[in-house]
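Here's the structure we're looking at; comments come further down.
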Amino acid sequence: MRRALFSSLLLAASALTAPTAHASVVLLANGVLSGTTDLSGLTGTLENGLPGNILGGLGSGLAYAGGNTFLALPDRGPNATPYNSAVDDTVSYISRFQTVNMSLTPSSAGSKLPFTLTPTLTGTTLLSSASPLIYGSGTAYGLPSGAPSQNTAGKNYFTGRSDNYGAGGSGNPADARFDPESIRVSNDGKSVFISDEYGPYVRQFDRATGTLIKTYTLPSNLDIANLSPQGAKEISGNTSGRVANKGMEGLALTPDGKTLVGILQASTIQDTANGNGTLLRIVTIDVASGQTHEYGYTLTTGSGVSDIVAVNDHQFLVDERDGKGLGDGSKAKIKQIFEIDTTGATDLLTVADKDVGGATLVKKSSTPFLDLVAALNADGVASKDIPSKIEGLAFGEDVTINGIVNHTLYIANDNDFVPATSGPSQYYVFGFQDGDLPGYMAQELSSVPLPPGMPLFAGALGVLGLLGWRRQKSRNA
């Protein structure tokens, strides 16, 4: 059951909607985050003429942070606007995460869905390093330096520009280029973990300041040796490692907060070459020691995986999808969430690349836990209006409907900063029961940081948090 520090709000809801893949998995609410600028305070324009504080792409990653608070993650920035193909149209968009209040309230009588979701942007946190980072000069591409003008001594910002790297392979932690794809909040609420596609990297940042705490060392078989600011050249110039723009797409944190679990979006170059083109690598990272293990996951029908969220310490939900739907000018087809179990899977770090196909792979449910296209079609949403990039997954708080506890799963889209073609930043909330996902455990969030201006109340709650005082916040019917 979802635990949180607050328990005073009790909300009402009406009857459930039509069933989906599991009888009790139902759409409870959906909402849209409006607005065109974030709260970063940045001024000026990017290389492509767009504002530095542009708001968009918020569904690349989604993390629960307690109460009604979620963290939404944009990726490397607005590179859907053409301006310089030599750098894949990437710009010096400073990496960041957005804090969003997801107000979930009972719908009025006669409403189509039992709850109304109202997302509101409440904060923007820019990501930086106290140590110097490596930026591209831009000279070879007719561009200014890739170092943001906002850099100061002791504050060096990560950005999405693809030429911000130095000599050597892609795993250099000093490279400034960063393509965030998934985010999770530490159990004490004080830091965030973010995975990326460029390295691939998994980094830990201070949640309040956005300052880098550490970069985890991932297995070297995911790195590429020859770098390029153009993704196509990176693919053609390497024989092993992650595929360009399809690196560490998803990241989970086990409920006890001890293990990070990342998943690649697509097969590595070497796995495809060895005939394992539907195999994706999953990496587990011990948060304290940094020790890693690697497992294999096989795609069912989607072209890749966009996110992973922890059910417990060995079971997870993964978002498998194609690129069809709103934003692609087509009809959505594959947006399916499967349950997987890493128990008994072979650690691929002990297996030669050519022998991976014979390893014991991660177990996977034969049918989806949730078929999003089918669920939204049943709610009257046409396939052409379902976002093509369904990328963010996060469990939320429990709700109680007609006396029955339902857990919640929030799903978000990445609109690539082009709402005119890809639609707004949308959030869907689904409810499910224990029987739909046996073994489900809520993350053990020990405290929920409060807004500034409440020092006495925050201090009291901090003590309660240290004592392990937590209570389910449940919306009742």
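Ligands are numbered from 1 in the order shown, chains are lettered A, B, ... in the order of the structure tokens, and residues start at 1 in each chain.
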Check your understanding: If we count only C-alpha atoms, what is near Pro219 of chain A at a cut-off of 12 Å, once residues fewer than 2 positions away on the same chain are taken out, given as an NGL selection string?
Key -> :A and (170-171 or 199-202 or 216-217 or 221-224 or 241-242 or 248 or 262 or 281-285 or 290-295 or 347-350)
Practice item. Show which residues sit within 8 Å of Gln315 of chain A, as a list of chain:residue names. Count only C-alpha atoms, and ignore same-chain residues fewer than 5 positions away. Key: A:Ala310, A:Glu339, A:Ile340, A:Asp341, A:Thr342
Point to revise | Secondary structure check, helix (DSSP H, G or I) residues of segment 211-419 of chain A, as a ChimeraX atom specification | key: /A:220-222,231-236,269-273,348-350,353-358,372-378,383-385,419
Preceding selection exported with C-alpha atoms as a PDB file, in the first residue's frame:
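That gives us again01.pdb:
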ATOM      1  CA  SER A 220      32.012  -1.241 -20.264  1.00  0.00           C
ATOM      2  CA  ASN A 221      30.184  -3.392 -22.831  1.00  0.00           C
ATOM      3  CA  LEU A 222      27.539  -0.652 -22.998  1.00  0.00           C
ATOM      4  CA  GLY A 231      23.973   9.586 -34.085  1.00  0.00           C
ATOM      5  CA  ALA A 232      24.150   7.854 -37.461  1.00  0.00           C
ATOM      6  CA  LYS A 233      27.948   8.167 -37.504  1.00  0.00           C
ATOM      7  CA  GLU A 234      28.190   6.792 -33.980  1.00  0.00           C
ATOM      8  CA  ILE A 235      26.269   3.699 -35.020  1.00  0.00           C
ATOM      9  CA  SER A 236      28.313   3.107 -38.163  1.00  0.00           C
ATOM     10  CA  ILE A 269      25.468  -3.294 -31.421  1.00  0.00           C
ATOM     11  CA  GLN A 270      27.176  -6.593 -30.531  1.00  0.00           C
ATOM     12  CA  ASP A 271      23.927  -8.345 -29.588  1.00  0.00           C
ATOM     13  CA  THR A 272      22.338  -7.399 -32.908  1.00  0.00           C
ATOM     14  CA  ALA A 273      25.451  -8.603 -34.752  1.00  0.00           C
ATOM     15  CA  LEU A 348      25.462 -11.584 -18.697  1.00  0.00           C
ATOM     16  CA  LEU A 349      28.699 -10.121 -17.368  1.00  0.00           C
ATOM     17  CA  THR A 350      29.779 -13.752 -16.943  1.00  0.00           C
ATOM     18  CA  ASP A 353      28.713 -11.899 -26.242  1.00  0.00           C
ATOM     19  CA  LYS A 354      28.459 -14.753 -28.723  1.00  0.00           C
ATOM     20  CA  ASP A 355      26.880 -16.988 -26.056  1.00  0.00           C
ATOM     21  CA  VAL A 356      24.246 -14.543 -24.769  1.00  0.00           C
ATOM     22  CA  GLY A 357      21.500 -16.244 -26.785  1.00  0.00           C
ATOM     23  CA  GLY A 358      21.899 -19.387 -24.694  1.00  0.00           C
ATOM     24  CA  LEU A 372      -2.586   1.190 -23.046  1.00  0.00           C
ATOM     25  CA  VAL A 373      -3.956   1.475 -26.568  1.00  0.00           C
ATOM     26  CA  ALA A 374      -6.788  -0.946 -25.824  1.00  0.00           C
ATOM     27  CA  ALA A 375      -7.543   0.798 -22.523  1.00  0.00           C
ATOM     28  CA  LEU A 376      -7.689   4.274 -24.053  1.00  0.00           C
ATOM     29  CA  ASN A 377      -9.668   3.021 -27.070  1.00  0.00           C
ATOM     30  CA  ALA A 378     -12.210   1.588 -24.623  1.00  0.00           C
ATOM     31  CA  SER A 383      -5.567   5.546 -31.749  1.00  0.00           C
ATOM     32  CA  LYS A 384      -4.402   8.573 -33.724  1.00  0.00           C
ATOM     33  CA  ASP A 385      -4.789  10.699 -30.578  1.00  0.00           C
ATOM     34  CA  PRO A 419       2.887  20.269 -28.801  1.00  0.00           C
TER      35      PRO A 419
END
Review point. DSSP on the backbone: what in segment 126-360 of chain A comes out strand (DSSP E or B), as a ChimeraX atom specification?
Key: /A:126,128-129,134,152,155-157,159,175,177,180-185,191-196,202-206,211-215,243,246,248-253,259-264,279-286,292-298,304-310,315-321,326,335-341
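Atom CA of Arg96 of chain A is found 20.1 Å from atom CA of Leu260 of chain A.
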Determine, using only C-alpha atoms, which residues of segment 203-254 of chain A have any atom at most 12 Å from an atom of segment 108-124 of chain A, and tabulate each with its shortest atom pair and distance in Å to one decimal place, rows ordered by chain and then rising number, as a Markdown table.
| residue | atom | partner | partner_atom | distance |
| --- | --- | --- | --- | --- |
| A:Arg207 | CA | A:Thr124 | CA | 10.7 |
| A:Ala208 | CA | A:Thr124 | CA | 10.1 |
| A:Thr209 | CA | A:Thr124 | CA | 10.2 |
| A:Gly210 | CA | A:Thr124 | CA | 9.6 |
Create the file for the chosen residues now, containing N, CA and C atoms and written as a PDB file, in the first residue's frame.
ATOM      1  N   ARG A 207      18.781  16.721  -4.794  1.00  0.00           N
ATOM      2  CA  ARG A 207      17.451  17.105  -5.279  1.00  0.00           C
ATOM      3  C   ARG A 207      17.187  18.598  -5.132  1.00  0.00           C
ATOM      4  N   ALA A 208      17.686  19.211  -4.078  1.00  0.00           N
ATOM      5  CA  ALA A 208      17.398  20.619  -3.820  1.00  0.00           C
ATOM      6  C   ALA A 208      18.199  21.550  -4.722  1.00  0.00           C
ATOM      7  N   THR A 209      19.470  21.202  -4.972  1.00  0.00           N
ATOM      8  CA  THR A 209      20.348  22.106  -5.719  1.00  0.00           C
ATOM      9  C   THR A 209      20.606  21.669  -7.153  1.00  0.00           C
ATOM     10  N   GLY A 210      20.363  20.393  -7.462  1.00  0.00           N
ATOM     11  CA  GLY A 210      20.675  19.871  -8.782  1.00  0.00           C
ATOM     12  C   GLY A 210      22.149  19.592  -8.994  1.00  0.00           C
TER      13      GLY A 210
END
**Study point:** Contact residues around segment 322-337 of chain A with only C-alpha atoms at 7 Å, ignoring same-chain residues under 2 positions, as a PyMOL selection string
**Key:** chain A and resi 302-304+317-320+339+368-373+383-389+421-423
Using the selection just defined, write its residues with C-alpha atoms as a compact mmCIF listing (two decimals), in the first residue's frame.
# COMPACT_ATOMS: atom_id res chain seq x y z
CA GLY A 302 7.43 -3.24 -29.43
CA SER A 303 10.48 -1.67 -31.02
CA GLY A 304 12.00 -0.82 -27.65
CA LEU A 317 6.95 -3.34 -14.96
CA VAL A 318 8.43 -2.34 -18.32
CA ASP A 319 6.92 -0.04 -20.94
CA GLU A 320 7.31 -1.64 -24.36
CA GLU A 339 5.63 -7.66 -15.78
CA PRO A 368 0.57 -7.37 -20.89
CA PHE A 369 -0.23 -6.12 -17.42
CA LEU A 370 -1.76 -3.18 -19.28
CA ASP A 371 -2.40 -2.60 -22.98
CA LEU A 372 -2.59 1.19 -23.05
CA VAL A 373 -3.96 1.48 -26.57
CA SER A 383 -5.57 5.55 -31.75
CA LYS A 384 -4.40 8.57 -33.72
CA ASP A 385 -4.79 10.70 -30.58
CA ILE A 386 -2.72 8.42 -28.34
CA PRO A 387 0.81 9.88 -27.94
CA SER A 388 3.47 8.06 -29.93
CA LYS A 389 6.07 8.36 -27.17
CA THR A 421 2.18 18.02 -33.64
CA SER A 422 2.74 15.72 -30.65
CA GLY A 423 0.09 17.11 -28.32
Applying 7 Å and only C-alpha atoms, which residues near Phe205 of chain A remain after dropping the ones on its own chain fewer than 2 positions away? List them as an mmCIF file with C-alpha atoms, in the first residue's frame.
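Heads up, here's the output in selection-v3.cif:
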data_model
loop_
_atom_site.group_PDB
_atom_site.id
_atom_site.type_symbol
_atom_site.label_atom_id
_atom_site.label_comp_id
_atom_site.auth_asym_id
_atom_site.auth_seq_id
_atom_site.Cartn_x
_atom_site.Cartn_y
_atom_site.Cartn_z
ATOM 1 C CA SER A 191 18.579 13.057 -4.025
ATOM 2 C CA VAL A 192 17.512 11.876 -7.449
ATOM 3 C CA PHE A 193 18.941 9.243 -9.779
ATOM 4 C CA ARG A 203 24.012 9.834 -12.132
ATOM 5 C CA ARG A 207 17.451 17.105 -5.279
ATOM 6 C CA GLY A 210 20.675 19.871 -8.782
ATOM 7 C CA THR A 211 24.398 19.412 -8.047
ATOM 8 C CA LEU A 212 26.029 16.154 -9.123
ATOM 9 C CA ILE A 213 26.776 13.769 -6.266
#
